[in-house]
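Participant: Structure file input.cif (mmCIF, C-alpha atoms) right here:
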data_query
#
loop_
_atom_site.group_PDB
_atom_site.id
_atom_site.type_symbol
_atom_site.label_atom_id
_atom_site.label_comp_id
_atom_site.auth_asym_id
_atom_site.auth_seq_id
_atom_site.Cartn_x
_atom_site.Cartn_y
_atom_site.Cartn_z
ATOM 1 C CA MET F 18 180.225 164.609 -13.456
ATOM 2 C CA LEU F 19 179.768 167.606 -11.121
ATOM 3 C CA LYS F 20 177.545 169.327 -13.676
ATOM 4 C CA ALA F 21 175.323 166.244 -13.944
ATOM 5 C CA ILE F 22 174.919 166.167 -10.161
ATOM 6 C CA GLN F 23 174.054 169.878 -10.111
ATOM 7 C CA ASN F 24 171.455 169.353 -12.823
ATOM 8 C CA ASN F 25 169.864 166.558 -10.777
ATOM 9 C CA ILE F 26 169.511 168.646 -7.610
ATOM 10 C CA PRO F 27 166.278 170.462 -8.651
ATOM 11 C CA GLN F 28 164.692 167.157 -9.688
ATOM 12 C CA THR F 29 165.753 165.527 -6.398
ATOM 13 C CA ILE F 30 164.211 168.377 -4.396
ATOM 14 C CA LYS F 31 161.055 168.096 -6.479
ATOM 15 C CA ASP F 32 160.879 164.336 -5.837
ATOM 16 C CA ILE F 33 161.327 164.865 -2.092
ATOM 17 C CA LEU F 34 158.511 167.426 -2.011
ATOM 18 C CA TYR F 35 156.227 165.055 -3.926
ATOM 19 C CA ILE F 36 157.017 162.191 -1.553
ATOM 20 C CA VAL F 37 156.569 164.260 1.620
ATOM 21 C CA ALA F 38 153.239 165.627 0.377
ATOM 22 C CA GLY F 39 152.172 162.113 -0.620
ATOM 23 C CA ILE F 40 152.984 160.741 2.828
ATOM 24 C CA ILE F 41 151.005 163.516 4.553
ATOM 25 C CA PHE F 42 147.948 163.029 2.318
ATOM 26 C CA ALA F 43 148.005 159.245 2.703
ATOM 27 C CA GLY F 44 148.351 159.519 6.480
ATOM 28 C CA PHE F 45 145.426 161.949 6.586
ATOM 29 C CA ALA F 46 143.232 159.551 4.594
ATOM 30 C CA LEU F 47 144.084 156.600 6.821
ATOM 31 C CA LYS F 48 143.890 158.239 10.260
ATOM 32 C CA SER F 49 141.016 160.664 9.606
ATOM 33 C CA PHE F 50 138.748 158.595 7.362
ATOM 34 C CA LEU F 51 139.478 154.895 6.972
ATOM 35 C CA VAL F 52 140.716 153.735 10.395
ATOM 36 C CA PRO F 53 138.075 155.509 12.562
ATOM 37 C CA ASN F 54 135.299 154.034 10.400
ATOM 38 C CA ASN F 55 136.746 150.499 9.997
ATOM 39 C CA PHE F 56 137.155 150.913 6.248
ATOM 40 C CA LEU F 57 139.663 149.099 4.052
ATOM 41 C CA ASP F 58 141.574 149.716 0.868
ATOM 42 C CA GLY F 59 143.190 147.342 -1.598
ATOM 43 C CA GLY F 60 146.770 146.122 -1.799
ATOM 44 C CA LEU F 61 149.205 145.969 1.095
ATOM 45 C CA THR F 62 147.538 148.988 2.682
ATOM 46 C CA GLY F 63 144.309 147.011 2.776
ATOM 47 C CA MET F 64 146.107 144.033 4.334
ATOM 48 C CA SER F 65 147.653 146.339 6.951
ATOM 49 C CA LEU F 66 144.226 147.754 7.768
ATOM 50 C CA LEU F 67 142.881 144.191 8.134
ATOM 51 C CA ILE F 68 145.670 143.284 10.560
ATOM 52 C CA HIS F 69 145.088 146.497 12.493
ATOM 53 C CA GLU F 70 141.342 145.852 12.630
ATOM 54 C CA PHE F 71 141.473 142.209 13.720
ATOM 55 C CA LEU F 72 144.684 142.034 15.774
ATOM 56 C CA HIS F 73 144.892 145.694 16.871
ATOM 57 C CA PHE F 74 148.508 145.713 15.712
ATOM 58 C CA ASN F 75 150.138 149.097 15.128
ATOM 59 C CA LEU F 76 149.133 150.223 11.631
ATOM 60 C CA GLY F 77 152.432 151.923 10.794
ATOM 61 C CA ILE F 78 154.492 148.877 11.777
ATOM 62 C CA SER F 79 152.138 146.609 9.803
ATOM 63 C CA ILE F 80 152.646 148.730 6.701
ATOM 64 C CA ILE F 81 156.446 148.584 7.065
ATOM 65 C CA VAL F 82 156.569 144.826 7.738
ATOM 66 C CA LEU F 83 154.282 143.936 4.828
ATOM 67 C CA ASN F 84 156.112 146.222 2.396
ATOM 68 C CA ILE F 85 159.699 145.183 3.203
ATOM 69 C CA PRO F 86 159.681 141.927 1.141
ATOM 70 C CA PHE F 87 158.300 143.786 -1.855
ATOM 71 C CA ILE F 88 160.730 146.674 -1.417
ATOM 72 C CA ILE F 89 163.575 144.146 -1.586
ATOM 73 C CA MET F 90 161.929 142.579 -4.621
ATOM 74 C CA GLY F 91 161.611 146.042 -6.181
ATOM 75 C CA GLY F 92 165.355 146.544 -5.764
ATOM 76 C CA TYR F 93 165.894 143.572 -8.094
ATOM 77 C CA GLN F 94 162.904 144.079 -10.404
ATOM 78 C CA ILE F 95 163.279 147.858 -10.868
ATOM 79 C CA ASN F 96 166.394 149.392 -9.273
ATOM 80 C CA ARG F 97 167.954 150.079 -5.893
ATOM 81 C CA ARG F 98 167.160 153.784 -6.000
ATOM 82 C CA TYR F 99 163.464 152.943 -6.247
ATOM 83 C CA ALA F 100 163.792 150.503 -3.324
ATOM 84 C CA TYR F 101 165.571 153.021 -1.075
ATOM 85 C CA LYS F 102 163.070 155.770 -1.827
ATOM 86 C CA THR F 103 160.123 153.433 -1.252
ATOM 87 C CA LEU F 104 161.571 152.267 2.065
ATOM 88 C CA ALA F 105 161.998 155.888 3.186
ATOM 89 C CA CYS F 106 158.460 156.653 2.015
ATOM 90 C CA VAL F 107 156.928 153.727 3.927
ATOM 91 C CA ILE F 108 158.863 154.579 7.114
ATOM 92 C CA GLY F 109 157.803 158.215 6.729
ATOM 93 C CA LEU F 110 154.157 157.150 6.458
ATOM 94 C CA ALA F 111 154.492 155.016 9.605
ATOM 95 C CA LEU F 112 155.974 157.979 11.494
ATOM 96 C CA CYS F 113 153.161 160.247 10.310
ATOM 97 C CA LEU F 114 150.546 157.743 11.469
ATOM 98 C CA SER F 115 152.219 157.524 14.878
ATOM 99 C CA TYR F 116 153.100 161.150 15.617
ATOM 100 C CA ILE F 117 150.977 163.556 13.555
ATOM 101 C CA PRO F 118 147.715 164.381 15.425
ATOM 102 C CA TYR F 119 145.344 163.928 12.501
ATOM 103 C CA PRO F 120 141.675 164.611 13.390
ATOM 104 C CA ASN F 121 139.689 161.371 13.661
ATOM 105 C CA ASP F 122 136.143 162.669 13.941
ATOM 106 C CA ILE F 123 135.660 164.453 10.605
ATOM 107 C CA THR F 124 132.659 162.380 9.513
ATOM 108 C CA GLN F 125 130.958 159.051 10.089
ATOM 109 C CA ASP F 126 128.933 159.190 6.894
ATOM 110 C CA LYS F 127 129.993 156.070 5.018
ATOM 111 C CA LEU F 128 129.603 157.607 1.571
ATOM 112 C CA LEU F 129 131.704 160.642 2.508
ATOM 113 C CA VAL F 130 134.319 158.383 4.096
ATOM 114 C CA SER F 131 134.489 156.270 0.931
ATOM 115 C CA ILE F 132 134.777 159.208 -1.448
ATOM 116 C CA PHE F 133 137.078 161.527 0.479
ATOM 117 C CA GLY F 134 139.097 158.749 2.083
ATOM 118 C CA GLY F 135 139.734 157.359 -1.381
ATOM 119 C CA PHE F 136 140.436 160.806 -2.796
ATOM 120 C CA PHE F 137 143.060 161.765 -0.201
ATOM 121 C CA LEU F 138 144.637 158.300 -0.258
ATOM 122 C CA GLY F 139 144.805 158.329 -4.056
ATOM 123 C CA THR F 140 146.319 161.809 -3.973
ATOM 124 C CA GLY F 141 148.993 160.616 -1.556
ATOM 125 C CA VAL F 142 149.831 157.485 -3.526
ATOM 126 C CA GLY F 143 149.888 159.432 -6.808
ATOM 127 C CA LEU F 144 152.200 162.128 -5.440
ATOM 128 C CA ALA F 145 154.562 159.476 -4.072
ATOM 129 C CA MET F 146 154.610 157.789 -7.483
ATOM 130 C CA ARG F 147 155.425 161.112 -9.119
ATOM 131 C CA GLY F 148 158.323 161.315 -6.687
ATOM 132 C CA GLY F 149 159.628 157.979 -7.973
ATOM 133 C CA CYS F 150 158.541 155.537 -5.270
ATOM 134 C CA ALA F 151 155.484 153.707 -3.956
ATOM 135 C CA ILE F 152 153.472 153.758 -0.742
ATOM 136 C CA ASP F 153 152.092 150.322 -1.555
ATOM 137 C CA GLY F 154 154.396 147.602 -2.943
ATOM 138 C CA ILE F 155 151.638 145.451 -4.440
ATOM 139 C CA GLU F 156 152.587 146.605 -7.965
ATOM 140 C CA VAL F 157 156.037 145.066 -7.482
ATOM 141 C CA LEU F 158 154.423 141.720 -6.637
ATOM 142 C CA ALA F 159 152.252 141.988 -9.725
ATOM 143 C CA LEU F 160 155.289 142.802 -11.868
ATOM 144 C CA TYR F 161 157.165 139.819 -10.410
ATOM 145 C CA THR F 162 154.215 137.458 -10.955
ATOM 146 C CA LEU F 163 153.631 138.794 -14.464
ATOM 147 C CA LYS F 164 156.991 137.390 -15.604
ATOM 148 C CA ARG F 165 156.055 133.948 -14.308
ATOM 149 C CA SER F 166 152.423 133.668 -15.378
ATOM 150 C CA SER F 167 150.060 134.544 -18.218
ATOM 151 C CA PHE F 168 148.074 137.007 -16.099
ATOM 152 C CA SER F 169 148.308 140.762 -16.591
ATOM 153 C CA ILE F 170 149.288 143.142 -13.782
ATOM 154 C CA THR F 171 145.681 144.362 -13.579
ATOM 155 C CA GLU F 172 144.351 140.808 -13.237
ATOM 156 C CA ILE F 173 146.886 139.948 -10.515
ATOM 157 C CA ILE F 174 146.106 143.055 -8.452
ATOM 158 C CA LEU F 175 142.368 142.499 -8.959
ATOM 159 C CA GLY F 176 142.711 138.923 -7.701
ATOM 160 C CA ILE F 177 144.589 139.996 -4.567
ATOM 161 C CA ASN F 178 142.106 142.757 -3.818
ATOM 162 C CA THR F 179 139.156 140.419 -4.362
ATOM 163 C CA ILE F 180 140.495 138.206 -1.558
ATOM 164 C CA ILE F 181 140.889 141.248 0.731
ATOM 165 C CA PHE F 182 137.343 142.447 0.106
ATOM 166 C CA LEU F 183 135.879 138.948 0.527
ATOM 167 C CA ILE F 184 137.539 138.744 3.954
ATOM 168 C CA ALA F 185 136.127 142.185 4.748
ATOM 169 C CA ALA F 186 132.649 141.056 3.696
ATOM 170 C CA SER F 187 132.893 137.960 5.885
ATOM 171 C CA TYR F 188 134.084 139.671 9.067
ATOM 172 C CA LEU F 189 133.084 143.332 8.762
ATOM 173 C CA GLY F 190 129.848 142.963 6.848
ATOM 174 C CA LEU F 191 128.884 143.282 3.183
ATOM 175 C CA SER F 192 128.044 146.979 3.506
ATOM 176 C CA THR F 193 131.513 147.888 4.797
ATOM 177 C CA ALA F 194 133.142 145.739 2.096
ATOM 178 C CA LEU F 195 131.157 147.487 -0.647
ATOM 179 C CA TYR F 196 132.025 150.931 0.682
ATOM 180 C CA SER F 197 135.666 149.847 0.906
ATOM 181 C CA MET F 198 135.536 148.833 -2.760
ATOM 182 C CA LEU F 199 134.210 152.309 -3.547
ATOM 183 C CA THR F 200 137.134 153.766 -1.604
ATOM 184 C CA TYR F 201 139.559 151.686 -3.671
ATOM 185 C CA TYR F 202 137.896 152.768 -6.916
ATOM 186 C CA VAL F 203 137.995 156.476 -6.015
ATOM 187 C CA ALA F 204 141.641 156.147 -4.958
ATOM 188 C CA GLY F 205 142.505 154.472 -8.268
ATOM 189 C CA ARG F 206 140.864 157.199 -10.341
ATOM 190 C CA THR F 207 142.535 159.915 -8.261
ATOM 191 C CA ILE F 208 145.937 158.279 -8.773
ATOM 192 C CA ASP F 209 145.359 158.422 -12.548
ATOM 193 C CA TYR F 210 144.578 162.144 -12.408
ATOM 194 C CA VAL F 211 147.545 162.951 -10.164
ATOM 195 C CA ILE F 212 150.003 161.020 -12.346
ATOM 196 C CA GLU F 213 148.643 161.918 -15.786
ATOM 197 C CA GLY F 214 147.394 165.399 -14.932
ATOM 198 C CA LEU F 215 143.948 166.897 -15.236
ATOM 199 C CA GLU F 216 144.691 167.886 -18.821
ATOM 200 C CA GLU F 217 144.973 164.449 -20.394
ATOM 201 C CA TYR F 218 146.301 164.583 -23.927
ATOM 202 C CA THR F 219 144.502 163.186 -26.936
ATOM 203 C CA GLY F 220 146.192 162.129 -30.144
ATOM 204 C CA VAL F 221 144.267 163.255 -33.249
ATOM 205 C CA THR F 222 144.832 161.707 -36.684
ATOM 206 C CA ILE F 223 143.314 163.376 -39.745
ATOM 207 C CA ILE F 224 143.025 161.926 -43.246
ATOM 208 C CA SER F 225 141.714 164.358 -45.840
ATOM 209 C CA GLY F 226 142.007 165.382 -49.450
ATOM 210 C CA LYS F 227 142.519 168.946 -48.229
ATOM 211 C CA SER F 228 145.479 168.181 -46.033
ATOM 212 C CA GLU F 229 147.400 171.322 -47.068
ATOM 213 C CA GLU F 230 144.662 173.630 -45.780
ATOM 214 C CA ILE F 231 144.278 171.552 -42.643
ATOM 215 C CA LYS F 232 148.026 171.592 -41.901
ATOM 216 C CA GLU F 233 148.133 175.364 -42.288
ATOM 217 C CA ALA F 234 145.079 175.851 -40.051
ATOM 218 C CA LEU F 235 146.453 173.613 -37.295
ATOM 219 C CA VAL F 236 149.841 175.313 -37.234
ATOM 220 C CA ILE F 237 148.860 178.952 -37.916
ATOM 221 C CA LYS F 238 145.424 179.218 -36.253
ATOM 222 C CA LEU F 239 145.744 176.742 -33.404
ATOM 223 C CA GLY F 240 149.504 176.891 -32.898
ATOM 224 C CA ARG F 241 149.742 173.102 -32.856
ATOM 225 C CA GLY F 242 152.792 171.068 -33.700
ATOM 226 C CA ILE F 243 152.034 168.455 -36.344
ATOM 227 C CA THR F 244 153.583 165.318 -37.767
ATOM 228 C CA VAL F 245 152.839 164.259 -41.344
ATOM 229 C CA TYR F 246 152.807 160.681 -42.616
ATOM 230 C CA LYS F 247 152.692 159.813 -46.297
ATOM 231 C CA GLY F 248 149.829 157.508 -47.198
ATOM 232 C CA GLU F 249 147.179 156.650 -49.779
ATOM 233 C CA ARG F 250 143.431 157.115 -49.656
ATOM 234 C CA GLY F 251 140.718 155.468 -51.684
ATOM 235 C CA PHE F 252 140.431 151.664 -51.993
ATOM 236 C CA LEU F 253 136.622 151.712 -51.987
ATOM 237 C CA LYS F 254 134.532 148.638 -52.658
ATOM 238 C CA ASP F 255 133.366 149.826 -56.097
ATOM 239 C CA SER F 256 136.741 151.296 -57.075
ATOM 240 C CA PHE F 257 139.350 149.297 -55.206
ATOM 241 C CA ASP F 258 142.050 149.907 -57.834
ATOM 242 C CA ILE F 259 141.719 153.689 -57.558
ATOM 243 C CA SER F 260 143.704 155.528 -54.893
ATOM 244 C CA GLN F 261 145.411 158.870 -54.397
ATOM 245 C CA PRO F 262 148.471 159.825 -52.337
ATOM 246 C CA CYS F 263 147.687 161.926 -49.300
ATOM 247 C CA ASP F 264 149.235 163.412 -46.179
ATOM 248 C CA ILE F 265 148.086 161.868 -42.893
ATOM 249 C CA VAL F 266 148.244 164.590 -40.253
ATOM 250 C CA PHE F 267 148.842 163.763 -36.594
ATOM 251 C CA THR F 268 148.750 166.192 -33.686
ATOM 252 C CA ILE F 269 148.224 166.215 -29.920
ATOM 253 C CA ALA F 270 145.669 168.326 -28.068
ATOM 254 C CA THR F 271 144.165 168.503 -24.616
ATOM 255 C CA ARG F 272 140.620 167.265 -24.070
ATOM 256 C CA LEU F 273 139.428 170.870 -23.940
ATOM 257 C CA GLU F 274 140.878 171.576 -27.377
ATOM 258 C CA VAL F 275 139.697 168.473 -29.262
ATOM 259 C CA ARG F 276 136.186 169.789 -30.052
ATOM 260 C CA ARG F 277 137.527 173.066 -31.432
ATOM 261 C CA LEU F 278 140.107 171.173 -33.495
ATOM 262 C CA LYS F 279 137.453 168.867 -34.961
ATOM 263 C CA ASN F 280 135.182 171.802 -35.828
ATOM 264 C CA LEU F 281 138.061 173.563 -37.581
ATOM 265 C CA VAL F 282 138.856 170.481 -39.676
ATOM 266 C CA HIS F 283 135.230 169.820 -40.616
ATOM 267 C CA ASN F 284 134.773 173.432 -41.703
ATOM 268 C CA LEU F 285 137.638 172.908 -44.149
ATOM 269 C CA ASP F 286 136.609 169.409 -45.231
ATOM 270 C CA PRO F 287 133.273 167.937 -44.023
ATOM 271 C CA LYS F 288 134.359 164.527 -45.396
ATOM 272 C CA ALA F 289 137.646 164.409 -43.476
ATOM 273 C CA PHE F 290 138.247 161.200 -41.527
ATOM 274 C CA ILE F 291 139.279 161.944 -37.930
ATOM 275 C CA PHE F 292 140.036 159.518 -35.125
ATOM 276 C CA THR F 293 141.421 160.063 -31.644
ATOM 277 C CA ASN F 294 143.277 158.048 -29.035
ATOM 278 C CA SER F 295 144.272 158.719 -25.430
ATOM 279 C CA ILE F 296 147.857 159.738 -24.704
ATOM 280 C CA LYS F 297 149.129 158.744 -21.249
ATOM 281 C CA GLU F 298 151.980 161.244 -21.162
ATOM 282 C CA ALA F 299 153.452 163.822 -23.514
ATOM 283 C CA ALA F 300 156.380 166.195 -23.200
ATOM 284 C CA GLY F 301 158.594 168.343 -25.377
ATOM 285 C CA GLY F 302 157.867 169.594 -28.851
ATOM 286 C CA VAL F 303 155.536 172.604 -28.938
ATOM 287 C CA LEU F 304 153.098 171.305 -26.339
ATOM 288 C CA LYS F 305 153.651 174.340 -24.147
ATOM 289 C CA GLN F 306 152.040 176.517 -26.779
ATOM 290 C CA ARG F 307 148.700 175.175 -25.540
ATOM 291 C CA SER F 308 148.948 177.443 -22.498
ATOM 292 C CA GLY F 309 148.093 180.403 -24.700
ATOM 293 C CA HIS F 310 144.850 178.810 -25.911
ATOM 294 C CA ARG F 311 144.730 180.890 -29.055
ATOM 295 C CA HIS F 312 141.170 181.889 -29.978
#
Re-express the file's structure as structure tokens.

Facilitator:
Amino acid sequence: MLKAIQNNIPQTIKDILYIVAGIIFAGFALKSFLVPNNFLDGGLTGMSLLIHEFLHFNLGISIIVLNIPFIIMGGYQINRRYAYKTLACVIGLALCLSYIPYPNDITQDKLLVSIFGGFFLGTGVGLAMRGGCAIDGIEVLALYTLKRSSFSITEIILGINTIIFLIAASYLGLSTALYSMLTYYVAGRTIDYVIEGLEEYTGVTIISGKSEEIKEALVIKLGRGITVYKGERGFLKDSFDISQPCDIVFTIATRLEVRRLKNLVHNLDPKAFIFTNSIKEAAGGVLKQRSGHRH
């Protein structure tokens, strides 16, 4: 029991650092870019910005009040640890917005506000998610609604954000609403990069009659770990009854390595069939060998 707790200490410290950094980045995006220029975002953050804009209500308190129902919901839908960490994260963001003297005159250029406001906000949200919590509880609502409807999480969040941006277009003008949508898009893409990493992994599947040479080249020359499936190739239109057993080779590479891997395979077998698919997350195995980038 004591050993398990000791093993969790480094991960807990790491989570805390992620969350603190996420709070600081998100606060910077809100106070230095979005709020001074009357811009919005999606989700509960966007709703809080709307309330702040129209009613001049304290932004930090708005964020806490709007998130509390979904934090409670998250305690039931996910787990209590997630709920406690998210509550601490939201309160921390409110304190940052109230007490940290962020600069509020960096730029008034709407395009720069959209891009960099979205970038810093997405960085903050992504870091908080890596720490095991959320700055915005809208995903919990989507998860809750998903179990009671036929809509996907993406469709539910899109619907909520559409309402927010329509309100923005009606009261703040179409131009501001469009720039706010750009902010939301940039934030979303930044979140993906922060969570998945800049080196997204790609799964590569190779079917070839020269699988032995290809397996040796991948392991010896590229230092890749491979998995081999047993299959059959052939089954052509003019010779459907003719097939041969073959090894189907699967490996994982970063985006930077895929082109080199494909060139290596085609040099061994120009007729090899290769297809790729995106991998959201990968760990373990011999993935760390990629850091050497053998050439």

Participant: Identify which of the residues F:Gly226, F:Gly190, F:Gly59, F:Gly92 lies closest to F:Gly176, counting only C-alpha atoms when measuring atom-to-atom distances.

Facilitator: F:Gly59

Participant: Take atom CA of F:Tyr119 and atom CA of F:Phe133 and report the distance between them in Å, one decimal.

Facilitator: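 Computed distance, atom CA of F:Tyr119 to atom CA of F:Phe133, equals 14.8 Å.
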
Participant: What residues come out when you apply the PyMOL selection byres ((chain F and resi 275-286) around 12) to this file, written as a short mmCIF file (atom, residue, chain, number, x, y, z; two decimals) with C-alpha atoms, in the coordinates of the input?

Facilitator:
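Result went into result.cif, see below:
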data_model
loop_
_atom_site.label_atom_id
_atom_site.label_comp_id
_atom_site.auth_asym_id
_atom_site.auth_seq_id
_atom_site.Cartn_x
_atom_site.Cartn_y
_atom_site.Cartn_z
CA GLU F 216 144.69 167.89 -18.82
CA GLU F 217 144.97 164.45 -20.39
CA TYR F 218 146.30 164.58 -23.93
CA THR F 219 144.50 163.19 -26.94
CA GLY F 220 146.19 162.13 -30.14
CA VAL F 221 144.27 163.26 -33.25
CA THR F 222 144.83 161.71 -36.68
CA ILE F 223 143.31 163.38 -39.74
CA ILE F 224 143.02 161.93 -43.25
CA SER F 225 141.71 164.36 -45.84
CA GLY F 226 142.01 165.38 -49.45
CA LYS F 227 142.52 168.95 -48.23
CA SER F 228 145.48 168.18 -46.03
CA GLU F 229 147.40 171.32 -47.07
CA GLU F 230 144.66 173.63 -45.78
CA ILE F 231 144.28 171.55 -42.64
CA LYS F 232 148.03 171.59 -41.90
CA GLU F 233 148.13 175.36 -42.29
CA ALA F 234 145.08 175.85 -40.05
CA LEU F 235 146.45 173.61 -37.30
CA VAL F 236 149.84 175.31 -37.23
CA LYS F 238 145.42 179.22 -36.25
CA LEU F 239 145.74 176.74 -33.40
CA GLY F 240 149.50 176.89 -32.90
CA ARG F 241 149.74 173.10 -32.86
CA VAL F 266 148.24 164.59 -40.25
CA PHE F 267 148.84 163.76 -36.59
CA THR F 268 148.75 166.19 -33.69
CA ILE F 269 148.22 166.22 -29.92
CA ALA F 270 145.67 168.33 -28.07
CA THR F 271 144.16 168.50 -24.62
CA ARG F 272 140.62 167.26 -24.07
CA LEU F 273 139.43 170.87 -23.94
CA GLU F 274 140.88 171.58 -27.38
CA PRO F 287 133.27 167.94 -44.02
CA LYS F 288 134.36 164.53 -45.40
CA ALA F 289 137.65 164.41 -43.48
CA PHE F 290 138.25 161.20 -41.53
CA ILE F 291 139.28 161.94 -37.93
CA PHE F 292 140.04 159.52 -35.12
CA THR F 293 141.42 160.06 -31.64
CA ASN F 294 143.28 158.05 -29.04
CA SER F 295 144.27 158.72 -25.43
CA ARG F 307 148.70 175.18 -25.54
CA HIS F 310 144.85 178.81 -25.91
CA ARG F 311 144.73 180.89 -29.06
CA HIS F 312 141.17 181.89 -29.98
#

Participant: Any chance you could work out the residue set of the PyMOL selection byres ((chain F and resi 97-112) around 9) here, as a count of residues only?

Facilitator: 37

Participant: Using atom CA of F:Gly135 and atom CA of F:Ala204 as the two end points, give the distance in Å to one decimal.

Facilitator: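 Atom-to-atom, atom CA of F:Gly135 and atom CA of F:Ala204 are spaced 4.2 Å apart.
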
Participant: Any idea what the distance is between atom CA of F:Glu70 and atom CA of F:Asp209?

Facilitator: 28.4 Å

Participant: Kindly provide, as a VMD selection string, the polymer residues lying within 9 Å of (131.8, 159.3, 6.6), counting all atoms listed in the file and using the coordinates exactly as they appear in the file.

Facilitator: chain F and resid 50 to 51 54 123 to 134

Participant: Which of these, F:Gln261, F:Met64, F:Tyr35, F:Ser49, has the shortest distance to F:Thr179 once you count only C-alpha atoms?

Facilitator: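 Nearest to F:Thr179: F:Met64.
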
Participant: Which polymer residues, whether protein, DNA or RNA, lie within 8 Å of the coordinate (153.9, 166.0, -10.5) when you count only C-alpha atoms? List them as a VMD selection string, using the chain letters and numbers from the file.

Facilitator: chain F and resid 35 144 147 to 148 211 to 212 214

Participant: Might you spell out which residues the PyMOL selection byres ((chain F and resi 140) around 7) would select in the displayed file, as a CSV table (one decimal) with C-alpha atoms, in the frame of the given file?

Facilitator:
chain,number,residue,atom,x,y,z
F,39,GLY,CA,152.2,162.1,-0.6
F,42,PHE,CA,147.9,163.0,2.3
F,136,PHE,CA,140.4,160.8,-2.8
F,137,PHE,CA,143.1,161.8,-0.2
F,138,LEU,CA,144.6,158.3,-0.3
F,139,GLY,CA,144.8,158.3,-4.1
F,141,GLY,CA,149.0,160.6,-1.6
F,142,VAL,CA,149.8,157.5,-3.5
F,143,GLY,CA,149.9,159.4,-6.8
F,144,LEU,CA,152.2,162.1,-5.4
F,207,THR,CA,142.5,159.9,-8.3
F,208,ILE,CA,145.9,158.3,-8.8
F,211,VAL,CA,147.5,163.0,-10.2

Participant: Smallest atom-to-atom distance to F:Ile180: which of F:Leu47, F:Leu61, F:Val203, F:Ile30, using only C-alpha atoms?

Facilitator: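 Using only C-alpha atoms, F:Ile180 sits closest to F:Leu61.
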